[in-house]
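Trainee: Here it is: the structure, laid out below.
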Amino acid sequence: MELIEELSGVPGMLRPFKAYLREAGLAPGDQVVYYGCPGTCTPFIELLGFAVRDLPVEQVYVPYADEAESRVIRPVGGVGMQVASDAVRVDPKVIVLMGGLAMPGVPVTKEAVQSVVGTHPGTKVVGICFMHMFEKAGWIDAFDFDLIIDAVLDPVRVWG
């Protein structure tokens, strides 16, 4: 993979994601399925979902790699996008792997994620991480990513 552009801030994450999905040739009702860690990845998934809320796609959240626990992501008026309690079938046209899955101590292995991704041949795969997590965990060559968005939070300033 080669560096396409270097951006900054939250828009630097969201705009290329939305542009990628716009150009992906998705039909109304096609699924964008996010795989991530409960709690830590969920707010970022909802943020990404909000950025693409005007696209005619169905958005689905899968905790870790457990598709039996999949949930729909819906708009909630005055709030944004939220993971709902409704279970949904999983038939992705785009898989979004969140970098939290690659962090040490997470109860899912790279091989388990590879296995789930492998059940959806021909699906586009997007990786979204922070602080080079996919690179650090050896996931860059383990998946056939079509796009990786790697955001850096540096510095983080705390004032008191």
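The chains in the structure tokens are called A, B, ... from first to last as shown; in each chain the residues are counted from 1, and the ligands are counted from 1 in the order shown.
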Just the residues within 10 Å of Met81 (chain A), please, counting only C-alpha atoms, with nothing from its chain fewer than 4 positions along; format it as a ChimeraX atom specification.
Mentor: /A:43,45-53,59,73-77
Trainee: Go ahead and dump the residues you just picked, C-alpha atoms, as a PDB file, in the first residue's frame.
Mentor:
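Okay, part.pdb is ready:
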ATOM      1  CA  PRO A  43     -18.103   5.226  19.824  1.00  0.00           C
ATOM      2  CA  ILE A  45     -18.017   3.108  14.850  1.00  0.00           C
ATOM      3  CA  GLU A  46     -20.985   5.332  15.679  1.00  0.00           C
ATOM      4  CA  LEU A  47     -18.952   8.388  14.614  1.00  0.00           C
ATOM      5  CA  LEU A  48     -18.030   6.738  11.300  1.00  0.00           C
ATOM      6  CA  GLY A  49     -21.659   5.710  10.878  1.00  0.00           C
ATOM      7  CA  PHE A  50     -22.771   9.294  11.452  1.00  0.00           C
ATOM      8  CA  ALA A  51     -20.364  10.516   8.775  1.00  0.00           C
ATOM      9  CA  VAL A  52     -21.980   8.241   6.182  1.00  0.00           C
ATOM     10  CA  ARG A  53     -25.580   8.464   7.407  1.00  0.00           C
ATOM     11  CA  GLN A  59     -24.761  -0.307   8.829  1.00  0.00           C
ATOM     12  CA  ILE A  73     -26.656   0.866  13.681  1.00  0.00           C
ATOM     13  CA  ARG A  74     -29.497   3.402  13.495  1.00  0.00           C
ATOM     14  CA  PRO A  75     -29.921   7.164  13.551  1.00  0.00           C
ATOM     15  CA  VAL A  76     -31.347   8.493  16.801  1.00  0.00           C
ATOM     16  CA  GLY A  77     -32.859  11.958  16.491  1.00  0.00           C
TER      17      GLY A  77
END
Trainee: Could you work out how far CA of Glu2 (chain A) lies from CA of Val116 (chain A), giving the answer in Å with one decimal?
Mentor: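 Distance between the two atoms: 26.0 Å.
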Trainee: State, in Å with one decimal place, the distance from CA of Phe145 (chain A) to CA of Pro16 (chain A).
Mentor: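 Those two atoms sit 14.7 Å apart.
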Trainee: Do a neighbour search on Met103 (chain A) at 12 Å with only C-alpha atoms, toss out local chain neighbours closer than 3 positions, and write the hits as a ChimeraX atom specification.
Mentor: /A:36-37,40-41,64,98-100,106-110,129-139
Trainee: Write out as a PyMOL selection string each polymer residue whose atoms come within 7 Å of Ser70 (chain A), counting only C-alpha atoms; drop sequence neighbours fewer than 2 positions from it.
Mentor: chain A and resi 60-63+67-68+72+87-88
